[in-house]
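A.B. asks: My structure is stored as query06.tsv, with TSV, C-alpha atoms and all ligand atoms.
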```tsv
chain	number	residue	atom	x	y	z
F	5	MET	CA	-24.96	-13.82	-41.38
F	6	GLY	CA	-24.07	-11.64	-38.40
F	7	ASN	CA	-20.67	-10.18	-37.89
F	8	ILE	CA	-18.43	-12.93	-36.51
F	9	ARG	CA	-16.84	-10.41	-34.12
F	10	HIS	CA	-20.12	-10.11	-32.25
F	11	ARG	CA	-20.16	-13.82	-31.61
F	12	ARG	CA	-16.56	-14.37	-30.65
F	13	PHE	CA	-15.73	-15.79	-27.25
F	14	LEU	CA	-15.42	-13.04	-24.66
F	15	PHE	CA	-12.31	-13.52	-22.58
F	16	ILE	CA	-12.40	-11.84	-19.20
F	17	VAL	CA	-10.01	-11.80	-16.27
F	18	LYS	CA	-10.67	-10.38	-12.79
F	19	THR	CA	-8.18	-9.76	-9.99
F	20	SER	CA	-8.05	-7.77	-6.79
F	21	ALA	CA	-5.52	-6.49	-4.24
F	22	SER	CA	-6.10	-5.39	-0.65
F	23	GLY	CA	-5.04	-2.19	1.04
F	24	LYS	CA	-2.41	-2.09	3.77
F	25	ILE	CA	-1.52	-0.23	6.92
F	26	ILE	CA	1.86	0.32	8.57
F	27	LEU	CA	1.73	-0.66	12.26
F	28	PHE	CA	5.24	0.44	13.26
F	29	GLY	CA	8.43	1.81	11.77
F	30	GLU	CA	7.41	4.24	9.01
F	31	HIS	CA	10.13	6.70	7.99
F	32	ALA	CA	12.82	4.82	9.94
F	33	VAL	CA	12.28	2.03	7.38
F	34	VAL	CA	13.65	4.33	4.66
F	35	TYR	CA	16.91	4.26	6.70
F	36	ASN	CA	17.05	0.45	6.81
F	37	ARG	CA	15.35	-0.01	10.19
F	38	PRO	CA	12.59	-2.67	10.45
F	39	ALA	CA	8.91	-1.82	10.04
F	40	LEU	CA	5.71	-3.85	10.39
F	41	ALA	CA	2.82	-3.67	7.96
F	42	VAL	CA	-0.36	-5.71	7.55
F	43	PRO	CA	-2.96	-6.11	4.80
F	44	VAL	CA	-6.33	-4.39	5.26
F	45	ASN	CA	-8.85	-6.58	3.50
F	46	GLN	CA	-11.85	-4.28	4.05
F	47	VAL	CA	-10.66	-2.08	1.22
F	48	GLN	CA	-9.45	-3.25	-2.17
F	49	VAL	CA	-8.75	-2.55	-5.80
F	50	ASP	CA	-10.54	-4.63	-8.45
F	51	VAL	CA	-9.25	-4.94	-11.98
F	52	GLU	CA	-11.12	-6.50	-14.87
F	53	ILE	CA	-9.65	-7.02	-18.33
F	54	LEU	CA	-11.78	-8.07	-21.27
F	55	ASP	CA	-11.66	-8.30	-25.02
F	56	SER	CA	-13.05	-5.25	-26.71
F	57	ASP	CA	-14.20	-4.53	-30.26
F	58	SER	CA	-12.42	-1.16	-30.19
F	59	ALA	CA	-8.78	-1.26	-31.18
F	60	GLY	CA	-6.19	-0.30	-28.59
F	61	VAL	CA	-5.94	-0.57	-24.82
F	62	TRP	CA	-8.79	1.32	-23.16
F	63	ILE	CA	-8.47	2.14	-19.47
F	64	HIS	CA	-11.45	3.10	-17.31
F	65	ALA	CA	-10.66	4.12	-13.73
F	66	PRO	CA	-13.61	6.23	-12.53
F	67	ILE	CA	-12.04	6.77	-9.09
F	68	ILE	CA	-9.40	9.01	-10.69
F	69	ASN	CA	-11.67	10.07	-13.55
F	70	LEU	CA	-9.54	8.29	-16.13
F	71	HIS	CA	-11.11	7.12	-19.41
F	72	ALA	CA	-8.36	6.94	-21.98
F	73	GLU	CA	-6.55	4.89	-24.58
F	74	LEU	CA	-3.07	3.85	-23.46
F	75	SER	CA	-1.18	5.70	-26.22
F	76	SER	CA	-2.78	9.02	-25.20
F	77	LEU	CA	-1.23	8.82	-21.71
F	78	PRO	CA	2.20	10.26	-20.88
F	79	SER	CA	4.84	7.49	-20.64
F	80	ASP	CA	5.29	8.12	-16.90
F	81	HIS	CA	1.57	7.83	-16.11
F	82	PRO	CA	1.26	5.62	-12.98
F	83	ILE	CA	-1.20	3.21	-14.61
F	84	GLY	CA	0.05	3.53	-18.19
F	85	SER	CA	3.64	2.87	-17.19
F	86	VAL	CA	2.69	-0.34	-15.36
F	87	ILE	CA	0.86	-1.62	-18.46
F	88	LEU	CA	3.84	-0.71	-20.68
F	89	GLN	CA	6.16	-2.53	-18.26
F	90	VAL	CA	4.12	-5.75	-18.70
F	91	PHE	CA	3.89	-5.27	-22.48
F	92	SER	CA	7.63	-4.93	-22.74
F	93	MET	CA	7.99	-8.29	-20.92
F	94	LEU	CA	5.47	-9.83	-23.32
F	95	GLN	CA	7.45	-8.73	-26.35
F	96	GLN	CA	10.62	-10.17	-24.89
F	97	SER	CA	9.00	-13.56	-24.63
F	98	PRO	CA	8.96	-15.24	-28.10
F	99	SER	CA	6.28	-17.77	-27.13
F	100	LEU	CA	3.90	-14.93	-26.37
F	101	SER	CA	4.57	-12.70	-29.34
F	102	GLY	CA	1.48	-11.87	-31.33
F	103	ARG	CA	-0.97	-12.38	-28.46
F	104	GLY	CA	-1.03	-8.69	-27.60
F	105	ALA	CA	-4.09	-7.80	-29.63
F	106	ARG	CA	-6.63	-10.59	-29.44
F	107	GLY	CA	-8.11	-10.84	-32.93
F	108	GLU	CA	-8.91	-7.54	-34.56
F	109	GLY	CA	-10.09	-5.70	-31.46
F	110	GLY	CA	-8.29	-4.45	-28.42
F	111	ILE	CA	-8.71	-4.79	-24.70
F	112	GLN	CA	-10.58	-2.88	-22.05
F	113	ILE	CA	-9.20	-2.50	-18.52
F	114	ASN	CA	-11.66	-1.51	-15.78
F	115	ILE	CA	-10.17	-0.41	-12.47
F	116	SER	CA	-12.31	0.24	-9.41
F	117	SER	CA	-11.19	0.82	-5.85
F	118	THR	CA	-12.47	1.36	-2.34
F	119	ILE	CA	-9.00	2.38	-1.08
F	120	PRO	CA	-8.83	6.13	-0.48
F	121	VAL	CA	-6.11	7.76	-2.60
F	122	ALA	CA	-2.95	9.24	-0.97
F	123	SER	CA	-3.93	8.40	2.59
F	124	GLY	CA	-1.45	5.70	3.56
F	125	LEU	CA	-3.57	2.68	2.69
F	126	GLY	CA	-1.46	1.72	-0.29
F	127	SER	CA	-3.88	2.58	-3.09
F	128	GLY	CA	-1.15	3.11	-5.71
F	129	ALA	CA	0.66	-0.15	-4.99
F	130	ALA	CA	-2.65	-2.05	-4.85
F	131	VAL	CA	-3.64	-0.77	-8.31
F	132	SER	CA	-0.27	-1.86	-9.68
F	133	VAL	CA	-0.41	-5.33	-8.06
F	134	ALA	CA	-3.97	-6.04	-9.25
F	135	LEU	CA	-3.21	-4.67	-12.72
F	136	ILE	CA	-0.03	-6.71	-13.21
F	137	ARG	CA	-1.80	-9.87	-11.97
F	138	ALA	CA	-4.68	-9.26	-14.37
F	139	LEU	CA	-2.42	-8.60	-17.36
F	140	SER	CA	-0.32	-11.62	-16.44
F	141	SER	CA	-3.39	-13.92	-16.53
F	142	PHE	CA	-4.93	-12.26	-19.55
F	143	PHE	CA	-1.79	-12.72	-21.66
F	144	PHE	CA	-0.77	-16.08	-20.12
F	145	LEU	CA	2.45	-14.58	-18.82
F	146	PRO	CA	3.08	-16.43	-15.54
F	147	LEU	CA	4.74	-14.17	-12.96
F	148	THR	CA	5.86	-15.09	-9.45
F	149	ASP	CA	4.98	-12.90	-6.45
F	150	HIS	CA	8.64	-11.92	-6.29
F	151	GLN	CA	8.57	-10.72	-9.91
F	152	ILE	CA	5.33	-8.82	-9.34
F	153	ASN	CA	6.74	-7.25	-6.18
F	154	GLN	CA	9.83	-6.07	-8.08
F	155	MET	CA	7.76	-4.63	-10.93
F	156	VAL	CA	5.49	-2.73	-8.54
F	157	PHE	CA	8.55	-1.43	-6.68
F	158	GLU	CA	9.92	-0.05	-9.98
F	159	SER	CA	6.66	1.81	-10.51
F	160	GLU	CA	6.64	3.09	-6.89
F	161	LYS	CA	10.17	4.46	-7.44
F	162	LEU	CA	8.98	6.36	-10.48
F	163	HIS	CA	6.27	8.12	-8.51
F	164	HIS	CA	7.35	8.31	-4.87
F	165	GLY	CA	11.01	9.25	-4.97
F	166	THR	CA	12.82	6.90	-2.57
F	167	PRO	CA	10.24	4.38	-1.33
F	168	SER	CA	11.43	1.69	1.07
F	169	GLY	CA	9.40	-0.97	-0.76
F	170	ILE	CA	7.18	-1.84	2.22
F	171	ASP	CA	3.89	-1.00	0.44
F	172	ASN	CA	4.47	-3.19	-2.61
F	173	THR	CA	5.73	-6.06	-0.41
F	174	VAL	CA	2.81	-6.28	2.02
F	175	ILE	CA	0.27	-5.83	-0.77
F	176	THR	CA	1.85	-8.37	-3.15
F	177	PHE	CA	2.25	-11.07	-0.48
F	178	ASN	CA	-1.00	-10.13	1.34
F	179	LYS	CA	0.48	-11.19	4.69
F	180	PRO	CA	1.85	-9.36	7.75
F	181	VAL	CA	5.45	-8.42	6.93
F	182	TYR	CA	8.48	-7.53	9.02
F	183	PHE	CA	10.21	-5.40	6.47
F	184	ILE	CA	13.83	-4.31	6.23
F	185	LYS	CA	14.85	-2.55	3.03
F	186	ASP	CA	17.13	-4.61	0.76
F	187	LYS	CA	16.75	-7.73	2.96
F	188	PRO	CA	14.87	-10.94	2.07
F	189	ILE	CA	11.14	-10.68	2.74
F	190	GLU	CA	10.01	-11.90	6.17
F	191	THR	CA	6.34	-12.60	6.72
F	192	PHE	CA	5.22	-13.43	10.25
F	193	THR	CA	2.27	-14.99	12.03
F	194	VAL	CA	-0.14	-13.36	14.44
F	195	GLY	CA	-0.23	-15.34	17.72
F	196	LYS	CA	-3.56	-13.87	18.83
F	197	PRO	CA	-5.87	-11.72	16.67
F	198	PHE	CA	-6.21	-8.08	17.65
F	199	THR	CA	-8.33	-5.16	16.55
F	200	ILE	CA	-7.28	-1.77	15.31
F	201	VAL	CA	-9.31	1.24	14.30
F	202	ILE	CA	-7.96	3.19	11.33
F	203	ALA	CA	-9.11	6.79	11.02
F	204	ASP	CA	-8.58	9.06	8.06
F	205	THR	CA	-7.88	12.77	8.64
F	206	GLY	CA	-9.24	13.38	5.13
F	207	ILE	CA	-6.11	15.40	4.43
F	208	SER	CA	-4.21	14.02	1.48
F	209	ALA	CA	-0.52	14.35	2.14
F	210	PRO	CA	2.09	13.25	-0.40
F	211	THR	CA	4.50	10.78	1.23
F	212	LYS	CA	7.26	12.05	-1.05
F	213	GLU	CA	7.20	15.43	0.74
F	214	SER	CA	7.33	14.16	4.32
F	215	VAL	CA	10.06	11.68	3.35
F	216	GLY	CA	11.99	14.52	1.68
F	217	ASP	CA	11.62	16.76	4.75
F	218	VAL	CA	12.86	14.03	7.09
F	219	ARG	CA	15.87	13.57	4.79
F	220	LYS	CA	16.73	17.27	5.05
F	221	LEU	CA	16.56	17.11	8.87
F	222	TRP	CA	18.69	13.94	8.90
F	223	GLN	CA	21.29	15.59	6.66
F	224	LYS	CA	21.59	18.49	9.11
F	225	ASP	CA	21.93	16.35	12.25
F	226	LYS	CA	22.67	12.73	11.43
F	227	ASN	CA	23.50	11.69	15.01
F	228	LYS	CA	20.19	12.87	16.40
F	229	PHE	CA	18.07	11.37	13.63
F	230	GLU	CA	19.99	8.08	13.43
F	231	SER	CA	19.27	7.58	17.13
F	232	ILE	CA	15.55	8.32	16.62
F	233	PHE	CA	15.53	5.75	13.79
F	234	ASP	CA	17.28	3.26	16.10
F	235	GLU	CA	14.60	3.71	18.74
F	236	ILE	CA	11.84	3.24	16.18
F	237	GLY	CA	13.57	0.12	14.82
F	238	GLN	CA	13.71	-1.33	18.36
F	239	ILE	CA	9.98	-0.70	18.77
F	240	SER	CA	9.24	-2.60	15.53
F	241	LEU	CA	11.32	-5.53	16.73
F	242	ILE	CA	9.62	-5.67	20.16
F	243	ALA	CA	6.20	-5.27	18.50
F	244	ARG	CA	6.85	-8.21	16.19
F	245	ARG	CA	7.72	-10.40	19.19
F	246	ALA	CA	4.58	-9.26	21.03
F	247	ILE	CA	2.39	-10.07	18.02
F	248	GLU	CA	4.00	-13.45	17.35
F	249	SER	CA	3.86	-14.52	20.98
F	250	GLY	CA	0.16	-13.66	21.30
F	251	LYS	CA	0.56	-10.56	23.51
F	252	PRO	CA	-0.97	-7.83	21.33
F	253	GLU	CA	-2.02	-5.82	24.40
F	254	LEU	CA	1.64	-4.74	24.63
F	255	LEU	CA	1.31	-2.92	21.32
F	256	GLY	CA	-0.64	0.01	22.79
F	257	GLU	CA	2.27	1.48	24.72
F	258	LEU	CA	4.59	0.78	21.78
F	259	MET	CA	2.24	2.74	19.50
F	260	ASN	CA	2.31	5.69	21.91
F	261	GLN	CA	6.11	5.65	21.99
F	262	ASN	CA	6.33	5.34	18.22
F	263	HIS	CA	3.97	8.30	17.78
F	264	GLU	CA	6.14	10.47	20.00
F	265	LEU	CA	9.20	9.62	17.92
F	266	LEU	CA	7.27	10.43	14.73
F	267	GLN	CA	6.40	13.81	16.26
F	268	GLN	CA	10.14	14.36	16.73
F	269	LEU	CA	10.59	13.58	13.03
F	270	THR	CA	8.05	16.42	12.42
F	271	VAL	CA	5.69	14.20	10.43
F	272	SER	CA	2.67	14.44	12.72
F	273	SER	CA	0.18	17.31	12.46
F	274	THR	CA	-2.42	19.06	14.60
F	275	GLU	CA	-5.18	16.89	13.11
F	276	LEU	CA	-3.27	13.62	13.60
F	277	ASP	CA	-2.34	14.53	17.20
F	278	LYS	CA	-5.96	15.40	17.90
F	279	LEU	CA	-7.19	12.02	16.63
F	280	VAL	CA	-4.46	10.14	18.51
F	281	LEU	CA	-5.53	11.85	21.76
F	282	ALA	CA	-9.22	11.33	21.04
F	283	ALA	CA	-8.63	7.60	20.53
F	284	ARG	CA	-6.71	7.26	23.78
F	285	ASN	CA	-9.38	9.22	25.68
F	286	ALA	CA	-12.09	6.98	24.22
F	287	GLY	CA	-10.44	3.87	25.62
F	288	ALA	CA	-7.88	2.83	23.00
F	289	LEU	CA	-4.85	1.00	24.43
F	290	GLY	CA	-2.55	3.17	22.32
F	291	ALA	CA	-2.51	5.16	19.09
F	292	LYS	CA	-0.17	6.61	16.49
F	293	LEU	CA	-0.11	8.12	13.05
F	294	SER	CA	0.46	5.62	10.25
F	295	GLY	CA	2.34	6.06	6.99
F	296	GLY	CA	3.92	9.20	5.64
F	297	GLY	CA	2.13	11.49	8.12
F	298	ARG	CA	1.13	15.17	7.97
F	299	GLY	CA	-2.32	13.87	6.99
F	300	GLY	CA	-3.59	10.48	5.92
F	301	ASN	CA	-4.37	7.94	8.59
F	302	MET	CA	-3.83	7.16	12.24
F	303	ILE	CA	-4.35	3.82	13.96
F	304	ALA	CA	-5.52	2.86	17.44
F	305	LEU	CA	-5.26	-0.48	19.22
F	306	VAL	CA	-8.58	-1.34	20.85
F	307	ASN	CA	-10.34	-4.09	22.74
F	308	GLN	CA	-12.80	-5.47	20.21
F	309	ALA	CA	-15.78	-4.52	22.42
F	310	GLU	CA	-14.70	-0.88	22.42
F	311	ALA	CA	-13.92	-0.58	18.72
F	312	SER	CA	-17.19	1.16	17.72
F	313	GLN	CA	-17.02	3.57	20.62
F	314	VAL	CA	-13.45	4.59	19.66
F	315	ALA	CA	-14.43	4.88	15.99
F	316	GLU	CA	-17.40	7.12	16.88
F	317	SER	CA	-15.25	9.34	19.02
F	318	LEU	CA	-12.73	9.67	16.17
F	319	ILE	CA	-15.49	10.79	13.81
F	320	LYS	CA	-16.63	13.36	16.41
F	321	SER	CA	-13.04	14.61	16.60
F	322	GLY	CA	-12.89	15.24	12.86
F	323	ALA	CA	-12.01	11.91	11.20
F	324	LYS	CA	-13.55	11.66	7.73
F	325	ASN	CA	-13.77	7.89	7.78
F	326	THR	CA	-12.90	4.95	10.01
F	327	ILE	CA	-12.21	1.28	9.38
F	328	ILE	CA	-12.30	-1.34	12.12
F	329	THR	CA	-10.09	-4.25	11.17
F	330	GLU	CA	-9.02	-7.45	12.86
F	331	ILE	CA	-5.39	-8.38	12.36
F	332	LYS	CA	-5.00	-12.16	12.20
F	401	LIG	O1	2.18	6.76	3.35
F	401	LIG	P1	2.44	5.32	3.17
F	401	LIG	O2	1.61	4.46	4.00
F	401	LIG	O3	2.55	4.88	1.77
F	401	LIG	O4	3.81	4.97	3.87
F	401	LIG	C1	4.99	5.60	3.68
F	401	LIG	C2	5.97	4.95	4.59
F	401	LIG	C3	7.29	5.68	4.63
F	401	LIG	O5	8.10	4.93	5.53
F	401	LIG	C4	7.11	7.08	5.20
F	401	LIG	C5	7.94	5.76	3.27
F	401	LIG	C6	8.41	4.43	2.73
F	401	LIG	O6	8.67	4.38	1.52
F	401	LIG	O7	8.57	3.48	3.48
```
Could you write out this file's structure as structure tokens?
C.D. replies:
Amino acid sequence: MGNIRHRRFLFIVKTSASGKIILFGEHAVVYNRPALAVPVNQVQVDVEILDSDSAGVWIHAPIINLHAELSSLPSDHPIGSVILQVFSMLQQSPSLSGRGARGEGGIQINISSTIPVASGLGSGAAVSVALIRALSSFFFLPLTDHQINQMVFESEKLHHGTPSGIDNTVITFNKPVYFIKDKPIETFTVGKPFTIVIADTGISAPTKESVGDVRKLWQKDKNKFESIFDEIGQISLIARRAIESGKPELLGELMNQNHELLQQLTVSSTELDKLVLAARNAGALGAKLSGGGRGGNMIALVNQAEASQVAESLIKSGAKNTIITEIK
């Protein structure tokens, strides 16, 4: 007779979460002004959880070269801490107690991703969303999107200082969001689809640092920076109306204005400015940096027919990668 463990039913769960891009309002959103963000479905994180014959919780995430058992990770590890957060909920739920280790073996968690790390496309939040969804199905622990969003926000706080919560929100709900910190979530509809080109400087820039630097500037001159945040907030509001009412062509000029205000916040860089100019010169209707700045990505609004030409010109001007995406 063979070993029964080799013949047991293999339980497997697969989930995924898309990337995201901020269209308007980054940085000002940390100071309670509105920002707009949309999912980017061309890039995504995939998580697979399956029963394993080896005891323990084995995590394989080749993209960050992680192959480890959960207990060997520090308690504040970005992936480990998310798993522990779900496990602590499982233990609190009497109906689920004892399901943690299926039979005598353990579980294996495989994480793969096409979202570049630390470039403003939400890779960290997407890993957390896909991971929590996978664990929630694997252990029959039903969680609402609101609960998942809150859990991912807790993990973002652990690793990014004072995040506004925009990343976890747009990625959890996978819809365009008009986001104001500490306010109920507002998703919105796109009146007429439009195309943006996203270009990566290839420079990985920690959001925590640019957010911290803006805070120092704000502390020194609150009047000046509050008024910049107000202007950015106004742009987000006007942009939302333009998108909802099917007039996306108005977004180009709004992007240009937003970029100038981000330059005043000191979060642009030579490379980002170069790409923004290259996009405009290649026919984009407007362009700006996106996300924390200093590196990471920029975005350009384009007529669909000109998208490839703008993307090519961005590569010639030093972009390491481009994504053409339709917002709908
Ligand atoms: O770099 P990203 O795309 O994760 O965006 C950061 C956006 C900020 O407004 C700069 C910070 C935040 O938490 O909202």
A.B. asks: Counting only C-alpha atoms, which residues of range 166-260 of chain F fall within 12 Å of range 126-147 of chain F, and what is the closest atom pair for each with its distance in Å at one decimal, ordered by chain and rising number, as CSV?
C.D. replies:
```
residue,atom,partner,partner_atom,distance
F:Pro167,CA,F:Ala129,CA,11.2
F:Gly169,CA,F:Ala129,CA,9.7
F:Ile170,CA,F:Gly126,CA,9.7
F:Asp171,CA,F:Gly126,CA,6.0
F:Asn172,CA,F:Ala129,CA,5.4
F:Thr173,CA,F:Ala129,CA,9.0
F:Val174,CA,F:Gly126,CA,9.4
F:Ile175,CA,F:Ala130,CA,6.3
F:Thr176,CA,F:Val133,CA,6.2
F:Phe177,CA,F:Val133,CA,9.9
F:Asn178,CA,F:Ala130,CA,10.3
F:Pro210,CA,F:Gly128,CA,11.9
F:Thr211,CA,F:Gly126,CA,11.0
```
A.B. asks: Can you work out which one of F:Ala209, F:Leu88, F:Ala243, F:Leu162 has the shortest atom-to-atom distance to ligand LIG 401 (chain F), counting all atoms listed in the file?
C.D. replies: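 Among the listed residues, F:Ala209 lies closest to ligand LIG 401 (chain F).
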A.B. asks: Please tabulate, as a Markdown table, the residues of chain F that come within 9 Å of ligand LIG 401 (chain F), each with its closest pair of atoms and the distance in Å to one decimal, counting all atoms listed in the file and ordering rows by chain, then residue number upward.
C.D. replies:
```
| residue | atom | partner | partner_atom | distance |
| --- | --- | --- | --- | --- |
| F:Lys24 | CA | F:LIG401 | O2 | 7.7 |
| F:Ile25 | CA | F:LIG401 | O2 | 6.3 |
| F:Ile26 | CA | F:LIG401 | O2 | 6.2 |
| F:Gly29 | CA | F:LIG401 | O5 | 7.0 |
| F:Glu30 | CA | F:LIG401 | O5 | 3.6 |
| F:His31 | CA | F:LIG401 | O5 | 3.6 |
| F:Ala32 | CA | F:LIG401 | O5 | 6.5 |
| F:Val33 | CA | F:LIG401 | O5 | 5.4 |
| F:Val34 | CA | F:LIG401 | O7 | 5.3 |
| F:Tyr35 | CA | F:LIG401 | O5 | 8.9 |
| F:Ala39 | CA | F:LIG401 | O5 | 8.2 |
| F:Ala122 | CA | F:LIG401 | O1 | 7.2 |
| F:Ser123 | CA | F:LIG401 | O1 | 6.4 |
| F:Gly124 | CA | F:LIG401 | O2 | 3.3 |
| F:Leu125 | CA | F:LIG401 | O2 | 5.6 |
| F:Gly126 | CA | F:LIG401 | O3 | 5.5 |
| F:Ser127 | CA | F:LIG401 | O3 | 8.4 |
| F:Gly128 | CA | F:LIG401 | O3 | 8.5 |
| F:Ala129 | CA | F:LIG401 | O3 | 8.6 |
| F:Glu160 | CA | F:LIG401 | O6 | 8.7 |
| F:His164 | CA | F:LIG401 | O6 | 7.6 |
| F:Gly165 | CA | F:LIG401 | O6 | 8.4 |
| F:Thr166 | CA | F:LIG401 | O6 | 6.3 |
| F:Pro167 | CA | F:LIG401 | O6 | 3.3 |
| F:Ser168 | CA | F:LIG401 | O6 | 3.9 |
| F:Gly169 | CA | F:LIG401 | O6 | 5.9 |
| F:Ile170 | CA | F:LIG401 | O7 | 5.6 |
| F:Asp171 | CA | F:LIG401 | O3 | 6.2 |
| F:Lys185 | CA | F:LIG401 | O7 | 8.7 |
| F:Ala209 | CA | F:LIG401 | O1 | 8.1 |
| F:Pro210 | CA | F:LIG401 | O1 | 7.5 |
| F:Thr211 | CA | F:LIG401 | O1 | 5.1 |
| F:Lys212 | CA | F:LIG401 | C5 | 7.7 |
| F:Ser214 | CA | F:LIG401 | C4 | 7.1 |
| F:Val215 | CA | F:LIG401 | C4 | 5.8 |
| F:Val271 | CA | F:LIG401 | C4 | 8.9 |
| F:Ser294 | CA | F:LIG401 | O2 | 6.5 |
| F:Gly295 | CA | F:LIG401 | O2 | 3.5 |
| F:Gly296 | CA | F:LIG401 | O1 | 3.8 |
| F:Gly297 | CA | F:LIG401 | O1 | 6.7 |
| F:Gly300 | CA | F:LIG401 | O1 | 7.3 |
| F:Asn301 | CA | F:LIG401 | O2 | 8.3 |
```
A.B. asks: Of the candidates F:Lys179, F:Leu221, F:Val90, F:Asn227, which one gets nearest to Val156 in chain F if we count all atoms listed in the file?
C.D. replies: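 Smallest separation from Val156 in chain F among the options: F:Val90.
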A.B. asks: One decimal, Å: what's the distance from CA of Val44 in chain F over to CA of Glu275 in chain F, could you say?
C.D. replies: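 CA of Glu275 in chain F lies at a distance of 22.7 Å from CA of Val44 in chain F.
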A.B. asks: Compare F:Ala203, F:Ile53, F:Leu293, F:Leu281 by their minimum atom-to-atom distance to Ala315 in chain F, counting all atoms listed in the file, and give me the closest one.
C.D. replies: F:Ala203
A.B. asks: For Glu253 in chain F, work out the shell of residues within 10 Å, counting only C-alpha atoms and skipping chain neighbours fewer than 3 positions away, then give it as an MDAnalysis selection string.
C.D. replies: chainID F and resid 196 198 246:247 250 256:258 289:290 305:307
A.B. asks: Could you state the separation of CA of Asn285 in chain F and CA of Lys320 in chain F in Å, given to one decimal place?
C.D. replies: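 Here the two named atoms are 12.5 Å from each other.
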A.B. asks: In Å, how far is it from CA of Ile236 in chain F to CA of Leu318 in chain F?
C.D. replies: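 Between CA of Ile236 in chain F and CA of Leu318 in chain F the gap works out to 25.4 Å.
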A.B. asks: Looking at only C-alpha atoms, which of F:Asp80, F:Asp186, F:Asp149, F:Glu235 is the one that sits closest to Phe28 in chain F?
C.D. replies: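 Between F:Asp80, F:Asp186, F:Asp149, F:Glu235, the residue approaching Phe28 in chain F most closely is F:Glu235.
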A.B. asks: Between F:Met259, F:Ile200, F:Leu266, F:Ile232, which has the minimum distance to Ile327 in chain F (counting all atoms listed in the file)?
C.D. replies: F:Ile200
